[in-house]
$ cat model.tsv   # TSV, C-alpha atoms and all ligand atoms
chain	number	residue	atom	x	y	z
A	747	MET	CA	9.69	77.78	2.25
A	748	GLU	CA	12.11	78.80	5.00
A	749	GLY	CA	12.79	76.01	7.40
A	750	ARG	CA	11.21	73.36	5.20
A	751	LYS	CA	13.14	70.19	4.62
A	752	VAL	CA	14.54	69.57	1.18
A	753	LEU	CA	13.56	66.13	-0.12
A	754	LEU	CA	15.12	66.23	-3.55
A	755	GLU	CA	17.88	68.38	-4.88
A	756	VAL	CA	18.69	68.56	-8.57
A	757	LYS	CA	22.05	70.18	-9.17
A	758	HIS	CA	23.26	71.22	-12.62
A	759	LEU	CA	21.55	68.20	-14.13
A	760	LYS	CA	22.43	67.42	-17.73
A	761	GLN	CA	21.07	64.85	-20.11
A	762	TYR	CA	22.70	65.00	-23.50
A	763	PHE	CA	21.49	62.30	-25.87
A	764	ASN	CA	23.91	61.05	-28.52
A	765	GLN	CA	26.72	62.97	-26.89
A	766	GLY	CA	29.59	63.80	-29.23
A	767	LYS	CA	27.57	62.91	-32.33
A	768	PRO	CA	26.13	65.33	-34.90
A	769	ASN	CA	22.61	64.51	-33.72
A	770	MET	CA	23.32	65.37	-30.09
A	771	VAL	CA	20.29	66.71	-28.18
A	772	LYS	CA	20.78	68.73	-25.00
A	773	ALA	CA	17.45	67.52	-23.59
A	774	VAL	CA	18.28	68.77	-20.09
A	775	ASP	CA	20.94	71.42	-19.94
A	776	ASP	CA	22.22	72.48	-16.53
A	777	VAL	CA	18.97	72.41	-14.59
A	778	SER	CA	18.92	73.01	-10.82
A	779	PHE	CA	16.03	73.08	-8.38
A	780	GLN	CA	14.96	71.74	-5.01
A	781	ILE	CA	11.76	70.05	-3.97
A	782	TYR	CA	10.64	70.39	-0.38
A	783	GLU	CA	9.16	67.61	1.66
A	784	GLY	CA	5.37	67.48	1.13
A	785	GLU	CA	5.14	70.03	-1.67
A	786	THR	CA	4.17	69.78	-5.31
A	787	LEU	CA	6.57	71.30	-7.78
A	788	GLY	CA	5.00	71.79	-11.20
A	789	LEU	CA	7.23	71.57	-14.25
A	790	VAL	CA	5.84	73.10	-17.43
A	791	GLY	CA	6.97	73.87	-20.94
A	792	GLU	CA	6.05	72.95	-24.48
A	793	SER	CA	6.42	69.48	-25.89
A	794	GLY	CA	10.05	68.50	-26.43
A	795	CYS	CA	11.56	70.97	-23.93
A	796	GLY	CA	12.93	68.19	-21.70
A	797	LYS	CA	10.35	67.70	-18.94
A	798	SER	CA	10.04	63.92	-19.24
A	799	THR	CA	13.77	63.54	-19.61
A	800	THR	CA	14.25	65.54	-16.41
A	801	GLY	CA	11.83	63.23	-14.58
A	802	ARG	CA	13.26	60.08	-16.08
A	803	THR	CA	16.80	61.10	-15.26
A	804	ILE	CA	15.91	61.95	-11.66
A	805	ILE	CA	14.40	58.52	-11.22
A	806	ARG	CA	17.38	56.90	-12.96
A	807	LEU	CA	15.58	55.56	-15.98
A	808	TYR	CA	18.51	57.31	-17.67
A	809	GLU	CA	21.97	57.84	-16.25
A	810	ALA	CA	22.68	61.60	-16.09
A	811	THR	CA	25.41	62.87	-18.38
A	812	GLY	CA	26.18	65.60	-15.86
A	813	GLY	CA	25.20	67.03	-12.50
A	814	LYS	CA	23.74	65.43	-9.44
A	815	VAL	CA	20.48	64.33	-7.89
A	816	LEU	CA	20.36	64.18	-4.12
A	817	PHE	CA	17.49	62.44	-2.35
A	818	ARG	CA	17.44	63.30	1.35
A	819	GLY	CA	21.02	64.42	0.83
A	820	LYS	CA	22.13	61.12	-0.72
A	821	ASP	CA	23.49	60.96	-4.25
A	822	VAL	CA	21.05	59.00	-6.41
A	823	HIS	CA	23.42	58.66	-9.35
A	824	GLY	CA	26.89	57.23	-9.69
A	825	LYS	CA	27.80	53.67	-8.76
A	826	LYS	CA	25.33	52.15	-6.34
A	827	SER	CA	24.97	48.81	-4.67
A	828	LYS	CA	21.90	46.73	-5.55
A	829	LYS	CA	20.53	47.40	-2.08
A	830	GLU	CA	20.89	51.17	-2.44
A	831	LEU	CA	19.24	51.10	-5.87
A	832	LYS	CA	16.33	49.12	-4.54
A	833	GLU	CA	15.96	51.59	-1.71
A	834	PHE	CA	15.78	54.56	-4.12
A	835	ASN	CA	13.34	52.73	-6.41
A	836	HIS	CA	11.22	52.06	-3.41
A	837	LYS	CA	11.04	55.71	-2.38
A	838	MET	CA	10.55	57.22	-5.84
A	839	GLN	CA	7.82	56.23	-8.25
A	840	MET	CA	6.56	57.52	-11.56
A	841	ILE	CA	3.09	57.90	-13.06
A	842	PHE	CA	3.05	58.14	-16.83
A	843	GLN	CA	1.13	60.22	-19.31
A	844	ASP	CA	-0.47	57.50	-21.30
A	845	PRO	CA	-2.46	55.12	-19.12
A	846	TYR	CA	-3.05	52.97	-22.22
A	847	ALA	CA	0.59	52.38	-23.04
A	848	SER	CA	1.93	52.18	-19.50
A	849	LEU	CA	-0.13	49.18	-18.40
A	850	ASN	CA	0.72	45.74	-19.73
A	851	PRO	CA	-2.46	44.61	-21.56
A	852	ARG	CA	-1.79	40.94	-20.82
A	853	MET	CA	-1.51	41.39	-17.08
A	854	LYS	CA	-4.37	41.30	-14.64
A	855	VAL	CA	-4.89	44.49	-12.65
A	856	SER	CA	-3.93	42.69	-9.45
A	857	ASP	CA	-0.58	41.64	-10.92
A	858	ILE	CA	0.08	45.11	-12.34
A	859	ILE	CA	-0.51	46.71	-8.97
A	860	ALA	CA	1.37	44.02	-7.04
A	861	GLU	CA	4.48	44.15	-9.21
A	862	GLY	CA	6.31	46.49	-6.84
A	863	ILE	CA	5.04	44.57	-3.81
A	864	ASP	CA	6.61	41.43	-5.27
A	865	ILE	CA	9.89	43.08	-6.27
A	866	HIS	CA	10.37	44.64	-2.86
A	867	GLY	CA	9.00	41.66	-0.92
A	868	LEU	CA	6.35	43.74	0.83
A	869	ALA	CA	3.86	40.91	1.37
A	870	LYS	CA	4.63	37.69	3.21
A	871	THR	CA	1.71	35.63	1.98
A	872	LYS	CA	-0.58	35.50	-1.08
A	873	GLU	CA	-3.45	36.64	1.11
A	874	GLU	CA	-1.53	39.64	2.38
A	875	ARG	CA	-0.57	40.51	-1.21
A	876	MET	CA	-4.22	40.45	-2.32
A	877	GLU	CA	-5.33	42.40	0.74
A	878	LYS	CA	-2.84	45.10	-0.19
A	879	VAL	CA	-4.12	45.13	-3.78
A	880	TYR	CA	-7.73	45.48	-2.61
A	881	GLU	CA	-6.81	48.26	-0.27
A	882	LEU	CA	-4.93	50.10	-3.01
A	883	LEU	CA	-7.84	49.75	-5.43
A	884	GLU	CA	-10.14	51.29	-2.86
A	885	THR	CA	-7.63	54.03	-2.08
A	886	VAL	CA	-7.71	55.19	-5.71
A	887	GLY	CA	-11.49	55.01	-5.97
A	888	LEU	CA	-11.82	51.61	-7.68
A	889	SER	CA	-13.19	48.46	-6.10
A	890	ARG	CA	-11.84	45.03	-5.23
A	891	GLU	CA	-13.93	43.45	-8.00
A	892	HIS	CA	-11.62	45.19	-10.45
A	893	ALA	CA	-8.60	43.13	-9.38
A	894	ASN	CA	-9.23	40.24	-11.78
A	895	ARG	CA	-9.87	42.35	-14.85
A	896	TYR	CA	-7.55	43.46	-17.64
A	897	PRO	CA	-6.58	47.05	-18.55
A	898	HIS	CA	-8.71	47.17	-21.73
A	899	GLU	CA	-11.84	46.80	-19.63
A	900	PHE	CA	-11.29	50.23	-18.07
A	901	SER	CA	-11.79	53.85	-19.14
A	902	GLY	CA	-8.81	56.24	-19.43
A	903	GLY	CA	-9.45	57.77	-16.03
A	904	GLN	CA	-9.75	54.35	-14.40
A	905	ARG	CA	-6.53	53.21	-16.03
A	906	GLN	CA	-4.75	56.23	-14.66
A	907	ARG	CA	-6.11	55.28	-11.24
A	908	ILE	CA	-4.59	51.83	-11.72
A	909	GLY	CA	-1.28	53.52	-12.59
A	910	ILE	CA	-1.54	55.55	-9.39
A	911	ALA	CA	-2.30	52.42	-7.33
A	912	ARG	CA	0.73	50.72	-8.86
A	913	ALA	CA	2.93	53.66	-7.86
A	914	LEU	CA	1.49	53.75	-4.33
A	915	ALA	CA	1.98	50.01	-3.82
A	916	VAL	CA	5.56	50.40	-2.60
A	917	GLN	CA	4.69	53.28	-0.26
A	918	PRO	CA	6.89	55.88	-1.95
A	919	ASP	CA	7.72	59.30	-0.52
A	920	PHE	CA	8.15	60.98	-3.88
A	921	ILE	CA	6.12	60.61	-7.07
A	922	ILE	CA	6.90	62.03	-10.48
A	923	ALA	CA	3.63	62.45	-12.36
A	924	ASP	CA	4.50	62.92	-16.03
A	925	GLU	CA	1.50	64.61	-17.66
A	926	PRO	CA	-0.83	62.23	-15.82
A	927	ILE	CA	-3.96	63.96	-17.09
A	928	SER	CA	-2.99	65.08	-20.60
A	929	ALA	CA	-4.48	62.00	-22.25
A	930	LEU	CA	-7.77	62.22	-20.32
A	931	ASP	CA	-11.06	63.94	-21.08
A	932	VAL	CA	-11.31	67.35	-19.48
A	933	SER	CA	-14.20	66.15	-17.31
A	934	ILE	CA	-12.00	63.40	-15.87
A	935	GLN	CA	-8.87	65.52	-15.41
A	936	ALA	CA	-10.09	67.29	-12.27
A	937	GLN	CA	-11.05	63.97	-10.68
A	938	VAL	CA	-7.56	62.56	-11.13
A	939	VAL	CA	-5.93	65.78	-9.91
A	940	ASN	CA	-8.18	65.79	-6.85
A	941	LEU	CA	-7.29	62.18	-6.15
A	942	LEU	CA	-3.59	63.06	-6.31
A	943	LYS	CA	-4.15	66.00	-3.98
A	944	ASP	CA	-6.09	63.89	-1.47
A	945	LEU	CA	-3.41	61.19	-1.51
A	946	GLN	CA	-0.75	63.79	-0.94
A	947	LYS	CA	-2.50	65.07	2.15
A	948	GLU	CA	-3.22	61.62	3.48
A	949	LYS	CA	0.21	60.14	2.91
A	950	GLY	CA	2.48	63.19	3.06
A	951	LEU	CA	3.67	62.63	-0.51
A	952	THR	CA	5.94	64.95	-2.44
A	953	TYR	CA	5.23	65.44	-6.16
A	954	LEU	CA	6.97	66.59	-9.27
A	955	PHE	CA	3.99	67.30	-11.50
A	956	ILE	CA	4.79	67.64	-15.19
A	957	ALA	CA	2.43	69.39	-17.60
A	958	HIS	CA	2.72	71.03	-21.02
A	959	ASP	CA	0.49	73.99	-20.27
A	960	LEU	CA	-0.23	76.15	-17.28
A	961	SER	CA	-3.98	75.65	-16.95
A	962	MET	CA	-4.24	72.80	-14.42
A	963	VAL	CA	-0.81	73.13	-12.82
A	964	LYS	CA	-1.61	76.16	-10.71
A	965	TYR	CA	-4.32	74.22	-8.98
A	966	ILE	CA	-2.04	71.43	-7.83
A	967	SER	CA	1.40	73.07	-7.50
A	968	ASP	CA	2.93	75.02	-4.63
A	969	ARG	CA	5.71	76.20	-6.88
A	970	ILE	CA	6.20	76.01	-10.62
A	971	GLY	CA	9.28	75.71	-12.80
A	972	VAL	CA	9.13	76.71	-16.45
A	973	MET	CA	11.35	74.91	-18.95
A	974	TYR	CA	12.39	76.07	-22.38
A	975	PHE	CA	14.69	74.04	-24.64
A	976	GLY	CA	16.36	72.06	-21.88
A	977	LYS	CA	16.76	75.02	-19.53
A	978	LEU	CA	14.80	76.10	-16.51
A	979	VAL	CA	13.93	79.75	-17.25
A	980	GLU	CA	11.70	80.71	-14.32
A	981	LEU	CA	10.88	79.28	-10.90
A	982	ALA	CA	8.45	80.78	-8.40
A	983	THR	CA	5.48	80.05	-6.19
A	984	SER	CA	2.39	79.35	-8.28
A	985	GLU	CA	0.80	82.60	-7.22
A	986	ASP	CA	3.85	84.65	-7.99
A	987	LEU	CA	4.28	83.01	-11.36
A	988	TYR	CA	0.69	83.73	-12.39
A	989	ASP	CA	0.53	87.21	-10.92
A	990	HIS	CA	4.01	88.42	-11.82
A	991	PRO	CA	5.44	86.35	-14.67
A	992	LEU	CA	8.74	87.88	-15.72
A	993	HIS	CA	10.39	85.75	-18.38
A	994	PRO	CA	8.82	86.42	-21.80
A	995	TYR	CA	8.46	82.68	-22.36
A	996	THR	CA	6.40	82.31	-19.18
A	997	LYS	CA	4.25	85.22	-20.33
A	998	SER	CA	3.61	83.51	-23.64
A	999	LEU	CA	2.59	80.28	-21.86
A	1000	LEU	CA	0.18	82.21	-19.66
A	1001	SER	CA	-1.29	84.02	-22.63
A	1002	ALA	CA	-2.19	80.64	-24.11
A	1003	ILE	CA	-4.60	79.71	-21.31
A	1004	PRO	CA	-8.22	80.13	-22.41
A	1005	GLN	CA	-10.29	82.23	-20.01
A	1006	PRO	CA	-13.65	80.91	-18.81
A	1007	ASP	CA	-15.11	84.40	-18.75
A	1008	PRO	CA	-16.15	85.41	-22.32
A	1009	ILE	CA	-15.07	89.04	-21.97
A	1010	SER	CA	-11.62	88.14	-20.61
A	1011	GLU	CA	-11.38	85.51	-23.32
A	1012	ARG	CA	-12.12	88.08	-26.01
A	1013	LEU	CA	-9.57	90.45	-24.54
A	1014	ARG	CA	-6.93	87.75	-24.17
A	1015	LYS	CA	-3.86	88.57	-26.25
A	1016	ARG	CA	-1.67	85.69	-27.26
A	1017	THR	CA	2.00	86.48	-27.27
A	1018	GLU	CA	4.60	84.35	-28.97
A	1019	TYR	CA	8.02	84.00	-27.42
A	1020	ASN	CA	10.92	84.93	-29.61
A	1021	PRO	CA	14.29	84.24	-27.94
A	1022	ALA	CA	15.80	87.08	-29.98
A	1023	VAL	CA	14.03	89.60	-27.70
A	1024	HIS	CA	16.80	89.17	-25.17
A	1025	GLY	CA	19.50	90.36	-27.55
A	1026	TYR	CA	22.23	88.98	-25.31
A	1027	THR	CA	25.78	89.93	-26.13
A	1028	PRO	CA	28.49	87.25	-25.78
A	1029	ASP	CA	29.96	88.88	-22.67
A	1030	GLU	CA	26.68	88.91	-20.75
A	1031	GLU	CA	26.29	86.28	-18.08
A	1032	VAL	CA	22.88	84.67	-18.40
A	1033	LYS	CA	21.89	82.65	-15.34
A	1034	MET	CA	19.14	82.10	-12.81
A	1035	ARG	CA	18.87	85.21	-10.64
A	1036	GLU	CA	16.59	85.76	-7.66
A	1037	ILE	CA	14.31	88.72	-8.37
A	1038	SER	CA	12.37	88.51	-5.12
A	1039	PRO	CA	12.55	85.88	-2.39
A	1040	GLY	CA	11.99	82.50	-4.04
A	1041	HIS	CA	11.35	83.94	-7.52
A	1042	PHE	CA	14.13	83.03	-9.94
A	1043	VAL	CA	14.45	84.03	-13.59
A	1044	MET	CA	17.02	83.13	-16.21
A	1045	CYS	CA	18.38	86.52	-17.20
A	1046	SER	CA	21.31	88.85	-17.76
A	1047	GLU	CA	22.20	91.53	-15.24
A	1048	LYS	CA	20.54	94.15	-17.41
A	1049	GLU	CA	17.31	92.14	-17.50
A	1050	TYR	CA	17.60	91.56	-13.78
A	1051	ASN	CA	17.42	95.30	-13.23
A	1052	GLN	CA	14.47	95.62	-15.61
A	1053	TYR	CA	12.61	92.77	-13.93
A	1054	GLN	CA	13.17	94.38	-10.54
A	1055	LYS	CA	11.50	97.55	-11.77
A	1056	GLU	CA	8.74	95.65	-13.57
A	1057	ARG	CA	7.84	93.87	-10.37
A	1058	LEU	CA	7.61	97.11	-8.44
A	1059	VAL	CA	5.34	98.67	-11.05
A	1060	VAL	CA	2.96	95.71	-11.17
A	1061	LYS	CA	2.67	95.48	-7.39
B	1101	LIG	N1	15.86	58.47	-25.64
B	1101	LIG	C1	16.08	59.57	-26.36
B	1101	LIG	N2	17.06	59.62	-27.30
B	1101	LIG	C2	17.31	60.75	-28.00
B	1101	LIG	N3	16.62	61.90	-27.86
B	1101	LIG	C3	15.62	61.92	-26.97
B	1101	LIG	C4	15.31	60.77	-26.17
B	1101	LIG	N4	14.26	61.09	-25.35
B	1101	LIG	C5	13.97	62.37	-25.61
B	1101	LIG	N5	14.77	62.88	-26.58
B	1101	LIG	C6	14.77	64.26	-27.10
B	1101	LIG	O1	15.00	65.10	-25.98
B	1101	LIG	C7	14.21	66.28	-26.07
B	1101	LIG	C8	13.34	66.40	-24.83
B	1101	LIG	O2	12.35	65.37	-24.86
B	1101	LIG	P1	11.31	65.14	-23.67
B	1101	LIG	O3	12.05	65.12	-22.40
B	1101	LIG	O4	10.51	63.97	-24.02
B	1101	LIG	O5	10.43	66.47	-23.73
B	1101	LIG	P2	9.01	66.77	-23.07
B	1101	LIG	O6	8.71	65.72	-22.07
B	1101	LIG	O7	9.16	68.14	-22.48
B	1101	LIG	O8	8.03	66.78	-24.20
B	1101	LIG	C9	13.43	66.17	-27.37
B	1101	LIG	O9	14.16	66.86	-28.36
B	1101	LIG	C10	13.41	64.69	-27.64
B	1101	LIG	O10	13.33	64.44	-29.01
B	1102	MG	MG	7.03	64.44	-21.96
$ encode --input "model.tsv" --output "structure tokens"
Amino acid sequence: MEGRKVLLEVKHLKQYFNQGKPNMVKAVDDVSFQIYEGETLGLVGESGCGKSTTGRTIIRLYEATGGKVLFRGKDVHGKKSKKELKEFNHKMQMIFQDPYASLNPRMKVSDIIAEGIDIHGLAKTKEERMEKVYELLETVGLSREHANRYPHEFSGGQRQRIGIARALAVQPDFIIADEPISALDVSIQAQVVNLLKDLQKEKGLTYLFIAHDLSMVKYISDRIGVMYFGKLVELATSEDLYDHPLHPYTKSLLSAIPQPDPISERLRKRTEYNPAVHGYTPDEEVKMREISPGHFVMCSEKEYNQYQKERLVVK
């Protein structure tokens, strides 16, 4: 990643819901990472660990309770003029998990897709607006005849394509895809992932790709971050994470992936993560440490030394 331009920088991001109340939730708790221009960063972890909140906070659907988000070096949060906000909204878009819930059932596909075009004034005439809609439909593998239909007339995969077209309409640089394939049939998942990959190549897009398991993420991500209870616990290139997982939570996630080969599947041992395995003492500093270039793990100094050895043995 040396020499690559950073597009998005998340610095000590915090999102505490109901702060100061007994029901406070530290949904995102001091998370830092960078996303490089043109790459896909996968973000994985079990349901409720704070992935969506991380995405939603980056894109300012929620105001952060701490930390910073820099987009091309500019602070996304804090007080912003209307013009600046519009500019950020223009450059960052989100695709949601549930293509059923995220499309307004009473709106025609053309109006759903053109919403951003209208908000940002990207078409001068009605004809230009419709031309853009047709082009977007074709870009995502649908056809112009679909423009006058309503969301309920489409399958799950097609609806997700509409969601993708809607995101693309404002020509963003960065897209957060929040479990975009989790609600789809397995047979359709690869098609949507391939579409996202093709679009990335074609348009030079940068993705934050959120998923709850590790099975499809490797295929789309350059690097992967693993979240556990609001914290980022491991960050590495996809290959490194699969070949040399270090944090016991990452290992447990990997052990949960079913193997296509029957023998490997029979031999597969599921491990459960128990945070007590760390046995941290109060004086130990637990933080992200770089084990090898670009491979970070949340650990104490003692674990750091163990992980160093573990890596050497596996290699
Ligand atoms: N708007 C909200 N208000 C209060 N708590 C929330 C809100 N949104 C999410 N949470 C809580 O924050 C935690 C992280 O949720 P979320 O980011 O949705 O996790 P994930 O996307 O990884 O499943 C969960 O405990 C969830 O209940
Ligand atoms: Mg989520």
$ residues_near_ligand --input "model.tsv" --ligand "ligand LIG 1101 (chain B)" --cutoff "6 Å" --atoms "only C-alpha atoms and all ligand atoms" --output "list in words"
Phe763, Val771, Ala773, Ser793, Gly794, Cys795, Gly796, Lys797, Ser798 and Thr799 of chain A
$ atom_distance --input "model.tsv" --atom1 "CA of Gly801 in chain A" --atom2 "CA of Asp924 in chain A"
7.5 Å
$ closest_atom_pairs --input "model.tsv" --of "range 896-930 of chain A" --to "range 942-956 of chain A" --cutoff "12 Å" --atoms "only C-alpha atoms" --output "CSV"
residue,atom,partner,partner_atom,distance
A:Gln906,CA,A:Leu942,CA,10.8
A:Arg907,CA,A:Leu942,CA,9.5
A:Gly909,CA,A:Leu942,CA,11.7
A:Ile910,CA,A:Leu942,CA,8.4
A:Ala911,CA,A:Leu945,CA,10.6
A:Ala913,CA,A:Leu942,CA,11.5
A:Leu914,CA,A:Leu945,CA,9.3
A:Gln917,CA,A:Lys949,CA,8.8
A:Pro918,CA,A:Leu951,CA,7.6
A:Asp919,CA,A:Leu951,CA,5.2
A:Phe920,CA,A:Thr952,CA,4.8
A:Ile921,CA,A:Tyr953,CA,5.0
A:Ile922,CA,A:Leu954,CA,4.7
A:Ala923,CA,A:Phe955,CA,4.9
A:Asp924,CA,A:Ile956,CA,4.8
A:Glu925,CA,A:Ile956,CA,5.1
A:Pro926,CA,A:Ile956,CA,7.8
A:Ile927,CA,A:Ile956,CA,9.7
A:Ser928,CA,A:Ile956,CA,9.8
$ closest_residue --input "model.tsv" --among "A:Met973, A:Val1043, A:Val879, A:Val1059" --to "ligand MG 1102 (chain B)" --atoms "all atoms listed in the file"
A:Met973
$ atom_distance --input "model.tsv" --atom1 "CA of Asn940 in chain A" --atom2 "CA of Leu888 in chain A"
14.7 Å
$ residues_near_point --input "model.tsv" --point "(2.3, 79.8, -9.2)" --cutoff "12 Å" --atoms "only C-alpha atoms" --output "PyMOL selection string"
chain A and resi 786-790+960-972+980-991+996+1000+1040-1041
$ closest_residue --input "model.tsv" --among "A:Asp857, A:Glu884, A:Glu809, A:Glu792" --to "ligand MG 1102 (chain B)" --atoms "only C-alpha atoms and all ligand atoms"
A:Glu792
$ closest_residue --input "model.tsv" --among "A:His758, A:Arg1035, A:Lys751, A:Arg802" --to "ligand MG 1102 (chain B)" --atoms "only C-alpha atoms and all ligand atoms"
A:Arg802
$ decode --input "model.tsv" --residues "range 1012-1020 of chain A" --atoms "all heavy atoms" --output "CSV table (one decimal), in the first residue's frame"
chain,number,residue,atom,x,y,z
A,1012,ARG,N,-15.3,-32.0,6.8
A,1012,ARG,CA,-15.4,-32.9,7.9
A,1012,ARG,C,-14.3,-32.6,9.0
A,1012,ARG,O,-14.5,-32.7,10.2
A,1012,ARG,CB,-15.3,-34.3,7.5
A,1012,ARG,CG,-16.1,-35.3,8.3
A,1012,ARG,CD,-16.2,-36.7,7.8
A,1012,ARG,NE,-16.4,-36.8,6.4
A,1012,ARG,CZ,-15.7,-37.7,5.6
A,1012,ARG,NH1,-14.8,-38.4,6.1
A,1012,ARG,NH2,-16.0,-37.7,4.3
A,1013,LEU,N,-13.1,-32.1,8.5
A,1013,LEU,CA,-12.0,-31.9,9.4
A,1013,LEU,C,-12.1,-30.5,10.1
A,1013,LEU,O,-11.4,-30.2,11.0
A,1013,LEU,CB,-10.7,-32.0,8.6
A,1013,LEU,CG,-10.3,-33.3,8.1
A,1013,LEU,CD1,-9.0,-33.2,7.3
A,1013,LEU,CD2,-10.0,-34.3,9.3
A,1014,ARG,N,-13.0,-29.7,9.5
A,1014,ARG,CA,-13.1,-28.3,10.0
A,1014,ARG,C,-13.5,-28.3,11.5
A,1014,ARG,O,-14.5,-28.9,11.9
A,1014,ARG,CB,-14.2,-27.5,9.2
A,1014,ARG,CG,-14.4,-26.1,9.7
A,1014,ARG,CD,-15.2,-25.4,8.7
A,1014,ARG,NE,-16.5,-25.8,8.5
A,1014,ARG,CZ,-17.6,-25.3,9.1
A,1014,ARG,NH1,-17.4,-24.2,9.9
A,1014,ARG,NH2,-18.8,-25.7,8.9
A,1015,LYS,N,-12.7,-27.6,12.3
A,1015,LYS,CA,-13.0,-27.5,13.7
A,1015,LYS,C,-13.5,-26.1,14.0
A,1015,LYS,O,-12.8,-25.1,13.8
A,1015,LYS,CB,-11.7,-27.7,14.5
A,1015,LYS,CG,-11.5,-29.2,14.9
A,1015,LYS,CD,-10.6,-29.2,16.2
A,1015,LYS,CE,-9.9,-30.5,16.3
A,1015,LYS,NZ,-8.5,-30.5,15.8
A,1016,ARG,N,-14.6,-26.0,14.6
A,1016,ARG,CA,-15.1,-24.7,15.0
A,1016,ARG,C,-14.5,-24.3,16.3
A,1016,ARG,O,-14.5,-25.1,17.2
A,1016,ARG,CB,-16.7,-24.7,15.1
A,1016,ARG,CG,-17.4,-24.5,13.8
A,1016,ARG,CD,-18.5,-23.6,13.9
A,1016,ARG,NE,-18.1,-22.3,14.3
A,1016,ARG,CZ,-19.0,-21.3,14.4
A,1016,ARG,NH1,-20.3,-21.4,14.1
A,1016,ARG,NH2,-18.6,-20.1,14.7
A,1017,THR,N,-14.1,-23.1,16.4
A,1017,THR,CA,-13.6,-22.6,17.7
A,1017,THR,C,-14.5,-21.4,18.1
A,1017,THR,O,-14.9,-20.6,17.2
A,1017,THR,CB,-12.1,-22.1,17.6
A,1017,THR,OG1,-12.0,-21.1,16.6
A,1017,THR,CG2,-11.2,-23.2,17.2
A,1018,GLU,N,-14.8,-21.4,19.3
A,1018,GLU,CA,-15.5,-20.2,19.9
A,1018,GLU,C,-14.6,-19.3,20.5
A,1018,GLU,O,-13.6,-19.7,21.1
A,1018,GLU,CB,-16.5,-20.7,20.9
A,1018,GLU,CG,-17.7,-21.6,20.4
A,1018,GLU,CD,-18.6,-20.8,19.5
A,1018,GLU,OE1,-18.8,-19.6,19.7
A,1018,GLU,OE2,-19.2,-21.4,18.6
A,1019,TYR,N,-14.8,-18.0,20.3
A,1019,TYR,CA,-13.9,-17.0,21.0
A,1019,TYR,C,-14.4,-16.7,22.4
A,1019,TYR,O,-15.6,-16.4,22.6
A,1019,TYR,CB,-13.9,-15.7,20.1
A,1019,TYR,CG,-13.2,-14.6,20.8
A,1019,TYR,CD1,-11.9,-14.7,21.2
A,1019,TYR,CD2,-13.8,-13.3,20.9
A,1019,TYR,CE1,-11.2,-13.7,21.8
A,1019,TYR,CE2,-13.1,-12.3,21.5
A,1019,TYR,CZ,-11.8,-12.5,21.9
A,1019,TYR,OH,-11.1,-11.4,22.5
A,1020,ASN,N,-13.5,-16.8,23.3
A,1020,ASN,CA,-13.8,-16.4,24.7
A,1020,ASN,C,-12.8,-15.3,25.1
A,1020,ASN,O,-11.6,-15.6,25.2
A,1020,ASN,CB,-13.6,-17.6,25.6
A,1020,ASN,CG,-13.8,-17.3,27.0
A,1020,ASN,OD1,-14.1,-16.1,27.4
A,1020,ASN,ND2,-13.6,-18.3,27.9
